[in-house]
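For reference, structure_9.csv is printed below; it contains CSV, C-alpha atoms.
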```csv
chain,number,residue,atom,x,y,z
F,1,MET,CA,87.8,21.3,200.4
F,2,LEU,CA,86.0,18.9,202.8
F,3,GLU,CA,87.1,15.3,203.2
F,4,GLN,CA,84.7,12.7,202.0
F,5,LYS,CA,84.0,11.6,205.6
F,6,GLU,CA,83.2,15.1,206.6
F,7,VAL,CA,80.8,15.5,203.7
F,8,SER,CA,79.0,12.3,204.7
F,9,GLU,CA,78.7,13.4,208.3
F,10,LEU,CA,77.4,16.9,207.2
F,11,ILE,CA,74.9,15.3,204.9
F,12,GLU,CA,73.5,13.1,207.6
F,13,LYS,CA,73.2,16.1,210.0
F,14,ALA,CA,71.6,18.2,207.2
F,15,LYS,CA,69.0,15.5,206.6
F,16,ALA,CA,68.2,15.5,210.3
F,17,GLY,CA,67.4,19.2,210.1
F,18,ASP,CA,70.8,20.8,211.0
F,19,GLU,CA,70.7,24.2,209.3
F,20,GLN,CA,74.3,24.9,210.0
F,21,ALA,CA,75.3,21.7,208.3
F,22,LYS,CA,73.3,22.7,205.2
F,23,THR,CA,75.0,26.1,205.2
F,24,THR,CA,78.4,24.6,205.5
F,25,LEU,CA,77.8,22.2,202.6
F,26,VAL,CA,76.5,25.0,200.4
F,27,GLU,CA,79.4,27.3,201.3
F,28,GLU,CA,82.1,24.6,200.8
F,29,ASN,CA,80.5,23.6,197.5
F,30,SER,CA,79.9,27.1,196.1
F,31,PRO,CA,82.6,26.7,193.4
F,32,LEU,CA,80.8,23.5,192.2
F,33,ILE,CA,77.5,25.3,192.1
F,34,LYS,CA,79.0,28.2,190.2
F,35,SER,CA,80.8,26.0,187.7
F,36,VAL,CA,77.4,24.4,186.8
F,37,ILE,CA,75.3,27.6,186.6
F,38,ARG,CA,77.9,29.3,184.4
F,39,ARG,CA,76.5,27.3,181.5
F,40,TYR,CA,73.2,29.1,181.7
F,41,LYS,CA,74.4,32.7,181.7
F,42,ASN,CA,72.9,35.0,179.1
F,43,LYS,CA,69.6,33.1,179.2
F,44,GLY,CA,67.6,36.1,180.5
F,45,VAL,CA,68.1,35.3,184.2
F,46,GLU,CA,70.3,37.3,186.6
F,47,TYR,CA,73.4,35.6,187.8
F,48,ASP,CA,72.3,35.9,191.5
F,49,ASP,CA,69.0,34.2,190.6
F,50,LEU,CA,70.8,31.4,188.8
F,51,TYR,CA,73.0,30.9,191.9
F,52,GLN,CA,69.9,30.7,194.1
F,53,LEU,CA,68.4,28.1,191.7
F,54,GLY,CA,71.7,26.2,191.9
F,55,CYS,CA,71.5,26.2,195.6
F,56,ILE,CA,68.0,24.9,195.6
F,57,GLY,CA,69.1,22.0,193.4
F,58,PHE,CA,72.1,21.4,195.7
F,59,LEU,CA,69.8,21.2,198.7
F,60,LYS,CA,67.6,18.7,196.9
F,61,ALA,CA,70.7,16.7,196.2
F,62,ILE,CA,71.4,16.6,200.0
F,63,ARG,CA,67.9,15.5,200.7
F,64,ASN,CA,67.8,12.7,198.2
F,65,PHE,CA,71.5,11.5,198.3
F,66,SER,CA,72.3,8.0,199.5
F,67,ALA,CA,75.7,6.3,199.9
F,68,GLU,CA,74.0,3.3,198.3
F,69,PHE,CA,74.1,5.1,194.9
F,70,GLY,CA,77.9,4.2,194.7
F,71,VAL,CA,78.9,7.7,193.6
F,72,LYS,CA,80.5,10.7,195.2
F,73,PHE,CA,78.1,13.3,196.5
F,74,SER,CA,79.5,15.9,194.1
F,75,THR,CA,78.9,13.6,191.2
F,76,TYR,CA,75.3,13.2,192.2
F,77,ALA,CA,74.8,16.9,192.9
F,78,VAL,CA,75.8,18.2,189.5
F,79,PRO,CA,72.8,17.0,187.5
F,80,MET,CA,70.5,18.0,190.4
F,81,ILE,CA,71.8,21.6,190.2
F,82,ALA,CA,71.6,21.7,186.5
F,83,GLY,CA,68.1,20.2,186.5
F,84,GLU,CA,66.8,22.9,188.8
F,85,VAL,CA,68.0,25.6,186.5
F,86,LYS,CA,66.7,23.8,183.4
F,87,ARG,CA,63.3,23.4,185.0
F,88,PHE,CA,63.1,27.1,185.7
F,89,LEU,CA,64.2,28.0,182.2
F,90,ARG,CA,61.7,25.6,180.7
F,91,ASP,CA,58.8,26.7,182.8
F,92,ASP,CA,59.6,30.4,182.3
F,93,GLY,CA,60.0,30.1,178.5
F,94,TYR,CA,63.7,31.1,178.2
F,95,ILE,CA,64.6,28.0,176.2
F,96,LYS,CA,63.4,28.6,172.7
F,97,VAL,CA,62.9,26.3,169.7
F,98,SER,CA,62.8,27.7,166.2
F,99,ARG,CA,59.4,27.8,164.4
F,100,SER,CA,60.7,25.6,161.5
F,101,THR,CA,61.9,23.0,164.0
F,102,LYS,CA,58.6,23.0,165.8
F,103,ALA,CA,56.7,22.7,162.4
F,104,LEU,CA,58.8,19.7,161.4
F,105,ALA,CA,58.4,18.1,164.8
F,106,LEU,CA,54.6,18.4,164.4
F,107,LYS,CA,54.8,16.8,160.9
F,108,ILE,CA,56.9,13.9,162.3
F,109,SER,CA,54.5,13.4,165.2
F,110,CYS,CA,51.6,13.2,162.7
F,111,TYR,CA,53.5,10.7,160.6
F,112,ILE,CA,54.3,8.5,163.6
F,113,GLN,CA,50.6,8.4,164.6
F,114,LYS,CA,49.6,7.6,161.0
F,115,TYR,CA,52.3,4.9,160.8
F,116,LYS,CA,51.1,3.4,164.1
F,117,ASN,CA,47.5,3.2,162.8
F,118,GLU,CA,48.5,1.5,159.6
F,119,HIS,CA,51.2,-0.9,161.0
F,120,CYS,CA,50.2,-1.3,164.6
F,121,THR,CA,53.7,-0.4,165.7
F,122,SER,CA,56.0,2.7,165.8
F,123,PRO,CA,58.4,3.5,163.0
F,124,ASN,CA,62.1,3.3,163.9
F,125,ILE,CA,64.4,6.3,163.6
F,126,ASP,CA,65.8,5.3,160.2
F,127,THR,CA,62.3,5.0,158.8
F,128,ILE,CA,61.3,8.5,160.0
F,129,ALA,CA,64.6,10.0,158.7
F,130,ALA,CA,64.1,8.4,155.3
F,131,GLU,CA,60.5,9.7,155.1
F,132,PHE,CA,61.6,13.3,155.8
F,133,LYS,CA,64.9,13.0,153.9
F,134,ILE,CA,67.0,13.9,156.9
F,135,GLU,CA,69.8,12.2,158.9
F,136,PRO,CA,68.7,9.9,161.8
F,137,GLN,CA,70.5,12.1,164.3
F,138,GLU,CA,68.6,15.2,163.0
F,139,ALA,CA,65.3,13.3,163.3
F,140,VAL,CA,66.1,12.5,167.0
F,141,PHE,CA,67.0,16.1,167.7
F,142,ILE,CA,63.8,17.4,166.1
F,143,MET,CA,61.6,14.9,167.9
F,144,ASP,CA,63.2,15.9,171.2
F,145,SER,CA,63.3,19.6,170.5
F,146,CYS,CA,59.9,20.3,172.0
F,147,LYS,CA,60.4,18.0,175.0
F,148,PHE,CA,62.5,18.6,178.1
F,149,PRO,CA,64.9,15.7,178.4
F,150,VAL,CA,64.7,13.4,181.4
F,151,SER,CA,67.6,14.0,183.8
F,152,ILE,CA,70.3,11.3,184.1
F,153,TYR,CA,69.5,11.0,187.8
F,154,GLU,CA,65.9,9.9,187.2
F,155,LYS,CA,65.2,6.2,187.5
F,156,ASN,CA,64.2,4.1,184.6
F,157,ASP,CA,62.1,1.0,184.3
F,158,ASP,CA,64.8,-1.6,184.0
F,159,ASP,CA,65.9,-4.6,186.1
F,160,ASP,CA,67.8,-2.7,188.8
F,161,ASN,CA,65.7,0.5,188.6
F,162,ARG,CA,68.8,2.7,188.9
F,163,ALA,CA,69.4,6.0,187.2
F,164,LEU,CA,72.4,6.3,184.8
F,165,VAL,CA,74.3,8.6,187.2
F,166,GLU,CA,74.0,6.0,190.0
F,167,LYS,CA,75.8,3.5,187.8
F,168,LEU,CA,78.8,5.7,187.1
F,169,ALA,CA,81.4,6.3,189.9
F,170,SER,CA,84.0,9.1,189.6
F,171,SER,CA,87.1,9.9,191.5
F,172,GLU,CA,87.7,13.3,189.8
F,173,GLN,CA,87.5,16.6,191.5
F,174,PRO,CA,84.1,18.3,190.7
F,175,GLU,CA,85.7,21.6,189.4
F,176,ASP,CA,87.7,19.7,186.8
F,177,ASN,CA,85.0,17.1,185.9
F,178,VAL,CA,81.7,18.9,185.3
F,179,ASP,CA,81.7,18.1,181.5
F,180,ARG,CA,82.5,14.5,182.2
F,181,ILE,CA,79.9,14.4,184.9
F,182,MET,CA,77.4,15.6,182.4
F,183,LEU,CA,78.5,12.7,180.2
F,184,LYS,CA,79.1,14.8,177.1
F,185,GLU,CA,82.6,13.6,176.5
F,186,LEU,CA,82.0,10.0,177.2
F,187,ILE,CA,78.8,9.8,175.1
F,188,SER,CA,80.7,11.4,172.2
F,189,GLU,CA,83.1,8.5,172.2
F,190,LEU,CA,80.4,5.9,171.8
F,191,ASN,CA,79.5,4.5,168.3
F,192,GLU,CA,76.2,5.6,166.7
F,193,ARG,CA,74.1,2.6,167.9
F,194,GLU,CA,75.4,3.1,171.5
F,195,LYS,CA,74.6,6.8,171.4
F,196,LYS,CA,71.1,6.0,170.2
F,197,ILE,CA,70.6,3.5,173.1
F,198,VAL,CA,71.7,6.1,175.7
F,199,LEU,CA,69.6,8.8,174.1
F,200,LEU,CA,66.5,6.7,173.9
F,201,ARG,CA,66.9,5.1,177.4
F,202,TYR,CA,68.0,8.1,179.4
F,203,TYR,CA,66.9,11.2,177.6
F,204,ARG,CA,63.6,9.9,176.0
F,205,ASP,CA,62.7,7.6,178.9
F,206,LYS,CA,62.2,4.6,176.7
F,207,THR,CA,62.0,1.1,178.3
F,208,GLN,CA,64.4,-1.6,177.0
F,209,SER,CA,61.5,-3.2,175.1
F,210,GLU,CA,60.7,0.1,173.3
F,211,VAL,CA,64.3,0.6,172.4
F,212,ALA,CA,64.4,-2.9,171.0
F,213,ARG,CA,61.5,-2.1,168.7
F,214,VAL,CA,63.2,1.0,167.5
F,215,LEU,CA,66.4,-0.8,166.8
F,216,ASN,CA,64.7,-4.0,165.4
F,217,VAL,CA,66.5,-6.2,167.9
F,218,SER,CA,65.4,-8.2,171.0
F,219,GLN,CA,65.0,-6.8,174.5
F,220,VAL,CA,67.7,-9.2,175.6
F,221,GLN,CA,70.1,-7.7,173.1
F,222,VAL,CA,69.3,-4.2,174.3
F,223,SER,CA,69.9,-5.3,177.9
F,224,ARG,CA,73.3,-6.7,177.0
F,225,LEU,CA,74.3,-3.7,174.9
F,226,GLU,CA,73.3,-1.4,177.7
F,227,SER,CA,75.4,-3.3,180.2
F,228,LYS,CA,78.4,-3.0,177.9
F,229,ILE,CA,77.8,0.7,177.4
F,230,ILE,CA,77.6,1.3,181.2
F,231,GLU,CA,80.8,-0.7,181.7
F,232,LYS,CA,82.6,1.2,178.9
F,233,MET,CA,81.6,4.5,180.3
F,234,ARG,CA,82.5,3.5,183.8
F,235,LEU,CA,86.0,2.5,182.6
F,236,GLY,CA,86.2,5.9,180.8
F,237,PHE,CA,85.6,7.6,184.1
F,238,ASP,CA,88.3,5.5,185.8
F,239,VAL,CA,90.8,6.3,183.0
F,240,LYS,CA,90.1,10.0,182.9
```

Render the structure in this file as C-alpha cells.
Amino acid sequence: MLEQKEVSELIEKAKAGDEQAKTTLVEENSPLIKSVIRRYKNKGVEYDDLYQLGCIGFLKAIRNFSAEFGVKFSTYAVPMIAGEVKRFLRDDGYIKVSRSTKALALKISCYIQKYKNEHCTSPNIDTIAAEFKIEPQEAVFIMDSCKFPVSIYEKNDDDDNRALVEKLASSEQPEDNVDRIMLKELISELNEREKKIVLLRYYRDKTQSEVARVLNVSQVQVSRLESKIIEKMRLGFDVK
C-alpha cells in the first residue's frame, strides 16, 4: 500500500505524462478497482472487460483529481470507476427496466406535463404518489427508473459548485470502505426528508430552488437543510 505522499507524487507525474507512474498507480490500486467492479458481475460482461472499464475510470480519476477537493484519492476514484462501468452497461443495454415500470413512468410523465399546463408549476412527489396510489419512495424510483443517475462526483448548481463526494472526507482504507464511499449506509441513516433532498439534488440533478418547490419550502430552507445533511454525513464518515 502506497503512502499518501507517494500517491500524490505519482498522480502529479502521471498527469505530466509519466506512463510508468500511471502503471504503478493502477497496479497498486488493483484491489480497489476489483472491489468496485465486483458489484457488476453477472451483467453480461466478461470480468476482464469489467476490469478494463474499471481501469479506464481509474485513469480518468487520476486526470481529474485535485488535492483541493479535500478527499483522499481513493475516495474520489471509487465513483469514477463505478461510473465508467455504469455508462458502459447503460449504453450497451445491460441495465433493464421492467415493461410495467416503464409504462407507469410514462403515465407519470404525462401527468406531470398536464399538471404543469394546468397549474404552471410541477407537482411535488406526494401529489404524484397520491394520484397513482403509490408510496412517495416508489414514485421517485419509478420516475428515475428510465434515467441514469447523476454521479456523486458531478458538480451541481449551488453556491460552492462542488460535487457531493468533494464535500465528504474519509480516513478509511478503500478496501473496507467501498459501501460507505458509495454513500449507501450513510444515506440509509437519514430521515425521509433528508433522503429526498439528497436524491433530488445529487441523483436527479435538481437545483436548490427546484427542490424547494417539490418540498413546498423556501430555497433558503433547502440550503440550510443541505448543509446540515452534509455535516451529518461527514460526521458519520469520521465516526465510522

If you measure from CA of Asp126 in chain F to CA of Lys86 in chain F, what distance in Å do you get, rounded to one decimal?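 Between these atoms lies a distance of 29.7 Å.
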
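With all atoms listed in the file as the basis for measurement, F:Lys195 is the residue among F:Arg63, F:Lys22, F:Lys195, F:Lys15 that approaches Gln137 in chain F most closely.
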
Identify, on the basis of all atoms listed in the file, every residue whose closest approach to Leu190 in chain F does not exceed 9 Å; exclude the query and any residue fewer than 3 positions from it along the same chain; express the result as a PDB file with C-alpha atoms, in the coordinates of the input.
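What ended up in part_0.pdb:
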```
ATOM      1  CA  LEU F 186      82.000  10.000 177.200  1.00  0.00           C
ATOM      2  CA  ILE F 187      78.800   9.800 175.100  1.00  0.00           C
ATOM      3  CA  ARG F 193      74.100   2.600 167.900  1.00  0.00           C
ATOM      4  CA  GLU F 194      75.400   3.100 171.500  1.00  0.00           C
ATOM      5  CA  LYS F 195      74.600   6.800 171.400  1.00  0.00           C
ATOM      6  CA  ILE F 229      77.800   0.700 177.400  1.00  0.00           C
ATOM      7  CA  LYS F 232      82.600   1.200 178.900  1.00  0.00           C
ATOM      8  CA  MET F 233      81.600   4.500 180.300  1.00  0.00           C
TER       9      MET F 233
END
```

Grab the CA of Ala103 in chain F to CA of Glu138 in chain F distance for me, in Å with one decimal place.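 We find that CA of Ala103 in chain F and CA of Glu138 in chain F lie 14.1 Å from each other.
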
By how many Å are CA of Arg213 in chain F and CA of Thr101 in chain F apart?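 Rounded to one decimal, the two atoms are 25.5 Å apart.
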
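Proximity of F:Glu6, F:Tyr47, F:Gln208, F:Ala130 to Ser223 in chain F, computed with only C-alpha atoms, is greatest for F:Gln208.
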
Just give me the residues with any atom within 9 Å of (57.4, -1.4, 168.9), file coordinates, counting only C-alpha atoms, written as an NGL selection string. :F and (120-124 or 209-214 or 216)

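Take the candidates F:Ile128, F:Cys55, F:Val45, F:Leu32 and check each one against Thr75 in chain F using only C-alpha atoms; the shortest distance goes to F:Leu32.
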